[in-house]
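Structure, as structure tokens:
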Amino acid sequence: MKDAMTPATTIERLPIYYRCLQKLDRMDVDVISSKDLGERIGIPSTQVRKDLSYYGEFGRRGVGYEVPVLLKHLRKILGLAQEWEIVLVGAGDLGHALSKYGGFKKLGLNINHVLDVDSDKVGSKLGDVEIQHIDELVDVVKENNVDIGIIAAPGDYAQEIADELVGAGVKAIWNFAPARIKLPPEIELRNEDLSIGLISLAYHLSRK
Ligand SMILES: NC(=O)c1ccc[n+]([C@@H]2O[C@H](COP(=O)([O-])OP(=O)(O)OC[C@H]3O[C@@H](n4cnc5c(N)ncnc54)[C@H](O)[C@@H]3O)[C@@H](O)[C@H]2O)c1
């Protein structure tokens, strides 16, 4: 089924299924019913079946889903059957946190390049990645076939950085800067705002 027909909420749930199945696989669980899978991630079994039906027929009626098989399919669907080369722009507090988080590497999402404008930071290491000067952006992207760029620099520079990333060949941008950046339609853009989660907690608490 085409992505355009898959609801955004289903796509957002795929990584949750994936993580849950990885855990089950580590526990040597071979088969899981849609009911058990739904309970583990807090949604009804009907929703599980509907979500997965957008991508094929994976389960067996009355039996459930074979965990390793579904995991393999989801890995492919999520684009995690391959390794991704990623450049991070901005080696500040957020850049440190993102770069040092080990979970991305385990998924094959490799933040192998970090760029910054601050000459005091250039040459120092973030984990085992050496920070390079922002002037190296084009070479870094081209020489390493970088597909994904992360912007963790101030908002005032976000558009300029995004344009440079795209010009160099990056196909997707994860933007943390508080700026509305404009990109060609073929470039995937995800704007992230961690405060949304915290504000929603405050919203719900204030109504109790
Ligand atoms: N979306 C979110 O949830 C979220 C959360 C935290 C921070 N942020 C945003 O992320 C960005 C970084 O936040 P931070 O707390 O790490 O800030 P920071 O000041 O600690 O780090 C910013 C880094 O960007 C570098 N930089 C500045 N201009 C640059 C340029 N033109 N090219 C390359 N590097 C450049 C600086 O030298 C610095 O190392 C800010 O825009 C901030 O608003 C967003």
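Chains: A, B, ... in order of the structure tokens. Residues: from 1 per chain. Ligands: from 1, in order shown.
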
Can you tell me, as a PyMOL selection string, which residues in segment 41-104 of chain A count as alpha helix (DSSP H) by DSSP? chain A and resi 41+45-53+67-77+93-100+103-104

Which residues come within 10 Å of Lys121 of chain A, counting only C-alpha atoms, excluding same-chain residues fewer than 6 positions away, as a ChimeraX atom specification? /A:91-92,115,130-133

For Gly95 of chain A, find every residue with an atom within 9 Å (counting only C-alpha atoms), except residues of its own chain fewer than 2 positions away, and show them as an MDAnalysis selection string. chainID A and resid 88:93 97:100 114 126 150:153

Hey, what's within 8 Å of segment 23-37 of chain A if we count only C-alpha atoms and toss same-chain stuff fewer than 3 positions away? As a ChimeraX atom specification, please? /A:19-20,40-41,44-46,48-49,63-68

Save the residues we just selected, N, CA and C atoms, as a short mmCIF file (atom, residue, chain, number, x, y, z; two decimals), in the first residue's frame?
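Written out: out_39.cif:
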```
data_model
loop_
_atom_site.label_atom_id
_atom_site.label_comp_id
_atom_site.auth_asym_id
_atom_site.auth_seq_id
_atom_site.Cartn_x
_atom_site.Cartn_y
_atom_site.Cartn_z
N ARG A 19 10.34 -1.35 18.45
CA ARG A 19 11.06 -1.45 19.73
C ARG A 19 10.51 -2.57 20.58
N CYS A 20 9.18 -2.71 20.59
CA CYS A 20 8.53 -3.74 21.38
C CYS A 20 8.93 -5.13 20.86
N ARG A 40 0.85 -4.51 25.24
CA ARG A 40 2.20 -4.03 25.56
C ARG A 40 2.42 -2.59 25.16
N ILE A 41 1.74 -2.14 24.10
CA ILE A 41 1.97 -0.75 23.68
C ILE A 41 0.77 0.15 23.94
N PRO A 44 -5.71 -1.05 21.28
CA PRO A 44 -6.50 -2.25 21.08
C PRO A 44 -5.94 -3.15 19.97
N SER A 45 -6.27 -4.45 20.07
CA SER A 45 -5.76 -5.41 19.08
C SER A 45 -6.25 -5.08 17.67
N THR A 46 -7.46 -4.51 17.59
CA THR A 46 -8.00 -4.16 16.27
C THR A 46 -7.09 -3.11 15.59
N VAL A 48 -3.88 -2.70 16.16
CA VAL A 48 -2.62 -3.36 15.76
C VAL A 48 -2.82 -4.01 14.39
N ARG A 49 -3.92 -4.76 14.28
CA ARG A 49 -4.15 -5.48 13.01
C ARG A 49 -4.32 -4.49 11.86
N VAL A 63 -3.34 -17.47 15.64
CA VAL A 63 -1.96 -17.77 16.09
C VAL A 63 -1.27 -16.48 16.53
N GLY A 64 -1.20 -15.54 15.61
CA GLY A 64 -0.55 -14.27 15.91
C GLY A 64 0.57 -13.99 14.94
N TYR A 65 1.49 -13.17 15.39
CA TYR A 65 2.61 -12.76 14.52
C TYR A 65 3.89 -13.48 14.95
N GLU A 66 4.63 -13.96 13.96
CA GLU A 66 5.95 -14.53 14.29
C GLU A 66 6.89 -13.35 14.52
N VAL A 67 7.42 -13.28 15.74
CA VAL A 67 8.19 -12.09 16.14
C VAL A 67 9.38 -11.81 15.22
N PRO A 68 10.27 -12.80 14.95
CA PRO A 68 11.43 -12.48 14.10
C PRO A 68 11.03 -12.07 12.69
#
```

Considering only strand (DSSP E or B) as DSSP defines it on the backbone, what residues of segment 14-192 of chain A qualify? List them as JSON, numbers by chain. {"A": [31, 32, 60, 64, 65, 66, 84, 85, 86, 87, 88, 89, 109, 110, 111, 112, 113, 114, 115, 116, 125, 126, 129, 130, 131, 132, 133, 148, 149, 150, 151, 172, 173, 174, 175, 188, 189, 190, 191]}

How would the residues just chosen look if you wrote them out with N, CA and C atoms as an mmCIF file, in the first residue's frame?
```cif
data_model
loop_
_atom_site.group_PDB
_atom_site.id
_atom_site.type_symbol
_atom_site.label_atom_id
_atom_site.label_comp_id
_atom_site.auth_asym_id
_atom_site.auth_seq_id
_atom_site.Cartn_x
_atom_site.Cartn_y
_atom_site.Cartn_z
ATOM 1 N N VAL A 31 6.232 -16.051 19.039
ATOM 2 C CA VAL A 31 4.950 -15.634 18.471
ATOM 3 C C VAL A 31 4.229 -14.729 19.454
ATOM 4 N N ILE A 32 3.548 -13.698 18.916
ATOM 5 C CA ILE A 32 2.750 -12.822 19.784
ATOM 6 C C ILE A 32 1.410 -12.526 19.110
ATOM 7 N N ARG A 60 -1.097 -14.728 11.479
ATOM 8 C CA ARG A 60 -1.944 -15.872 11.136
ATOM 9 C C ARG A 60 -3.117 -15.900 12.099
ATOM 10 N N GLY A 64 -1.200 -15.541 15.612
ATOM 11 C CA GLY A 64 -0.550 -14.274 15.910
ATOM 12 C C GLY A 64 0.575 -13.989 14.940
ATOM 13 N N TYR A 65 1.494 -13.172 15.390
ATOM 14 C CA TYR A 65 2.609 -12.759 14.524
ATOM 15 C C TYR A 65 3.893 -13.485 14.946
ATOM 16 N N GLU A 66 4.629 -13.964 13.965
ATOM 17 C CA GLU A 66 5.950 -14.526 14.289
ATOM 18 C C GLU A 66 6.890 -13.350 14.522
ATOM 19 N N TRP A 84 22.573 4.406 8.042
ATOM 20 C CA TRP A 84 22.445 5.782 7.547
ATOM 21 C C TRP A 84 23.595 6.627 8.083
ATOM 22 N N GLU A 85 24.116 7.437 7.200
ATOM 23 C CA GLU A 85 25.226 8.333 7.553
ATOM 24 C C GLU A 85 24.621 9.710 7.872
ATOM 25 N N ILE A 86 24.946 10.239 9.024
ATOM 26 C CA ILE A 86 24.270 11.462 9.489
ATOM 27 C C ILE A 86 25.295 12.522 9.909
ATOM 28 N N VAL A 87 24.980 13.782 9.561
ATOM 29 C CA VAL A 87 25.827 14.888 10.028
ATOM 30 C C VAL A 87 25.008 15.744 11.001
ATOM 31 N N LEU A 88 25.646 16.096 12.092
ATOM 32 C CA LEU A 88 25.016 16.942 13.109
ATOM 33 C C LEU A 88 25.665 18.318 13.055
ATOM 34 N N VAL A 89 24.847 19.368 12.928
ATOM 35 C CA VAL A 89 25.389 20.732 12.890
ATOM 36 C C VAL A 89 25.025 21.439 14.194
ATOM 37 N N LEU A 109 21.602 4.304 12.789
ATOM 38 C CA LEU A 109 21.518 5.749 12.517
ATOM 39 C C LEU A 109 22.801 6.372 13.081
ATOM 40 N N ASN A 110 23.769 6.559 12.191
ATOM 41 C CA ASN A 110 25.125 6.860 12.652
ATOM 42 C C ASN A 110 25.473 8.347 12.546
ATOM 43 N N ILE A 111 25.512 9.008 13.692
ATOM 44 C CA ILE A 111 25.929 10.416 13.701
ATOM 45 C C ILE A 111 27.462 10.409 13.720
ATOM 46 N N ASN A 112 28.006 10.240 12.522
ATOM 47 C CA ASN A 112 29.462 10.072 12.406
ATOM 48 C C ASN A 112 30.192 11.377 12.152
ATOM 49 N N HIS A 113 29.437 12.484 11.958
ATOM 50 C CA HIS A 113 30.066 13.762 11.618
ATOM 51 C C HIS A 113 29.397 14.875 12.418
ATOM 52 N N VAL A 114 30.223 15.714 13.025
ATOM 53 C CA VAL A 114 29.701 16.840 13.807
ATOM 54 C C VAL A 114 30.418 18.106 13.349
ATOM 55 N N LEU A 115 29.619 19.140 13.059
ATOM 56 C CA LEU A 115 30.189 20.401 12.575
ATOM 57 C C LEU A 115 29.797 21.540 13.507
ATOM 58 N N ASP A 116 30.702 22.495 13.653
ATOM 59 C CA ASP A 116 30.384 23.669 14.470
ATOM 60 C C ASP A 116 31.197 24.852 13.938
ATOM 61 N N LYS A 125 36.703 16.375 20.685
ATOM 62 C CA LYS A 125 35.897 15.197 20.356
ATOM 63 C C LYS A 125 34.572 15.172 21.096
ATOM 64 N N LEU A 126 33.576 14.703 20.375
ATOM 65 C CA LEU A 126 32.257 14.442 20.977
ATOM 66 C C LEU A 126 32.117 12.925 20.941
ATOM 67 N N VAL A 129 33.717 11.094 17.938
ATOM 68 C CA VAL A 129 33.647 11.876 16.690
ATOM 69 C C VAL A 129 34.346 13.220 16.870
ATOM 70 N N GLU A 130 35.253 13.534 15.945
ATOM 71 C CA GLU A 130 35.960 14.810 16.034
ATOM 72 C C GLU A 130 35.116 15.923 15.421
ATOM 73 N N ILE A 131 34.987 17.025 16.141
ATOM 74 C CA ILE A 131 34.186 18.150 15.633
ATOM 75 C C ILE A 131 34.979 18.844 14.517
ATOM 76 N N GLN A 132 34.282 19.037 13.382
ATOM 77 C CA GLN A 132 34.914 19.717 12.240
ATOM 78 C C GLN A 132 34.282 21.091 12.046
ATOM 79 N N HIS A 133 35.000 21.955 11.328
ATOM 80 C CA HIS A 133 34.473 23.308 11.108
ATOM 81 C C HIS A 133 33.325 23.273 10.109
ATOM 82 N N ILE A 148 21.319 12.302 5.888
ATOM 83 C CA ILE A 148 20.489 12.997 6.878
ATOM 84 C C ILE A 148 21.318 14.053 7.610
ATOM 85 N N GLY A 149 20.717 15.241 7.773
ATOM 86 C CA GLY A 149 21.367 16.306 8.539
ATOM 87 C C GLY A 149 20.531 16.642 9.763
ATOM 88 N N ILE A 150 21.207 16.911 10.862
ATOM 89 C CA ILE A 150 20.506 17.345 12.076
ATOM 90 C C ILE A 150 20.938 18.776 12.370
ATOM 91 N N ILE A 151 19.969 19.655 12.587
ATOM 92 C CA ILE A 151 20.312 21.047 12.913
ATOM 93 C C ILE A 151 20.076 21.279 14.404
ATOM 94 N N ALA A 172 17.333 14.555 3.858
ATOM 95 C CA ALA A 172 16.369 14.683 4.955
ATOM 96 C C ALA A 172 16.991 15.488 6.090
ATOM 97 N N ILE A 173 16.158 16.310 6.744
ATOM 98 C CA ILE A 173 16.673 17.167 7.826
ATOM 99 C C ILE A 173 15.808 17.020 9.067
ATOM 100 N N TRP A 174 16.489 16.811 10.194
ATOM 101 C CA TRP A 174 15.830 16.780 11.509
ATOM 102 C C TRP A 174 16.194 18.105 12.164
ATOM 103 N N ASN A 175 15.235 19.021 12.213
ATOM 104 C CA ASN A 175 15.533 20.384 12.669
ATOM 105 C C ASN A 175 15.050 20.624 14.100
ATOM 106 N N GLU A 188 12.884 15.597 2.838
ATOM 107 C CA GLU A 188 12.103 15.266 4.037
ATOM 108 C C GLU A 188 12.535 16.187 5.172
ATOM 109 N N LEU A 189 11.535 16.786 5.827
ATOM 110 C CA LEU A 189 11.855 17.692 6.939
ATOM 111 C C LEU A 189 11.035 17.306 8.150
ATOM 112 N N ARG A 190 11.710 17.193 9.262
ATOM 113 C CA ARG A 190 11.001 16.940 10.522
ATOM 114 C C ARG A 190 11.451 18.013 11.515
ATOM 115 N N ASN A 191 10.491 18.834 11.962
ATOM 116 C CA ASN A 191 10.794 19.824 12.989
ATOM 117 C C ASN A 191 10.497 19.213 14.350
#
```

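The residue set within 12 Å of segment 53-57 of chain A, counting only C-alpha atoms and dropping same-chain residues fewer than 5 places from it, reads A:Met1, A:Lys2, A:Asp3, A:Ala4, A:Met5, A:Thr6, A:Pro7, A:Ala8, A:Thr10, A:Ile11, A:Leu14, A:Ser34, A:Thr46, A:Gln47, A:Val48, A:Gly64, A:Tyr65, A:Glu66, A:Val69, A:Leu70, A:His73, A:Leu74, A:Lys76, A:Ile77, A:Leu78.
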
Grab the residues selected above and save them as a PDB file, in the first residue's frame with C-alpha atoms.
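Wrote selection.pdb, looks like this:
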```
ATOM      1  CA  MET A   1       0.000   0.000   0.000  1.00  0.00           C
ATOM      2  CA  LYS A   2       1.192   3.500  -0.806  1.00  0.00           C
ATOM      3  CA  ASP A   3       2.463   5.722   2.006  1.00  0.00           C
ATOM      4  CA  ALA A   4      -0.065   8.426   1.057  1.00  0.00           C
ATOM      5  CA  MET A   5      -2.847   6.051   2.139  1.00  0.00           C
ATOM      6  CA  THR A   6      -1.260   5.159   5.473  1.00  0.00           C
ATOM      7  CA  PRO A   7      -2.456   7.383   8.327  1.00  0.00           C
ATOM      8  CA  ALA A   8       0.269   9.474   9.953  1.00  0.00           C
ATOM      9  CA  THR A  10       0.040   4.485  12.000  1.00  0.00           C
ATOM     10  CA  ILE A  11       3.447   5.562  10.689  1.00  0.00           C
ATOM     11  CA  LEU A  14       5.733   1.752  13.647  1.00  0.00           C
ATOM     12  CA  SER A  34      -2.314  -8.853  18.278  1.00  0.00           C
ATOM     13  CA  THR A  46      -7.995  -4.155  16.266  1.00  0.00           C
ATOM     14  CA  GLN A  47      -5.712  -1.144  15.859  1.00  0.00           C
ATOM     15  CA  VAL A  48      -2.621  -3.361  15.761  1.00  0.00           C
ATOM     16  CA  GLY A  64      -0.550 -14.274  15.910  1.00  0.00           C
ATOM     17  CA  TYR A  65       2.609 -12.759  14.524  1.00  0.00           C
ATOM     18  CA  GLU A  66       5.950 -14.526  14.289  1.00  0.00           C
ATOM     19  CA  VAL A  69       9.513 -12.341  10.822  1.00  0.00           C
ATOM     20  CA  LEU A  70       7.510  -9.233  11.720  1.00  0.00           C
ATOM     21  CA  HIS A  73       9.553  -6.748   7.804  1.00  0.00           C
ATOM     22  CA  LEU A  74       9.335  -3.688  10.047  1.00  0.00           C
ATOM     23  CA  LYS A  76      12.724  -2.935   6.064  1.00  0.00           C
ATOM     24  CA  ILE A  77       9.548  -0.805   6.173  1.00  0.00           C
ATOM     25  CA  LEU A  78      11.202   1.650   8.558  1.00  0.00           C
TER      26      LEU A  78
END
```

Rounded to one decimal place, report the atom CA of Ser119 of chain A-atom CA of Ala177 of chain A distance in Å.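 Interatomic distance here is 20.9 Å.
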
Nearest to Ala179 of chain A by atom-to-atom distance, counting only C-alpha atoms, from A:Val117, A:Val141, A:Val146, A:Ala158: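 Counting only C-alpha atoms, the residue closest to Ala179 of chain A is A:Ala158.
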
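Taking atom CA of Asn144 of chain A and atom 24 (O, counted along the ligand's line) of ligand 1 as the two end points, the separation is 21.9 Å.
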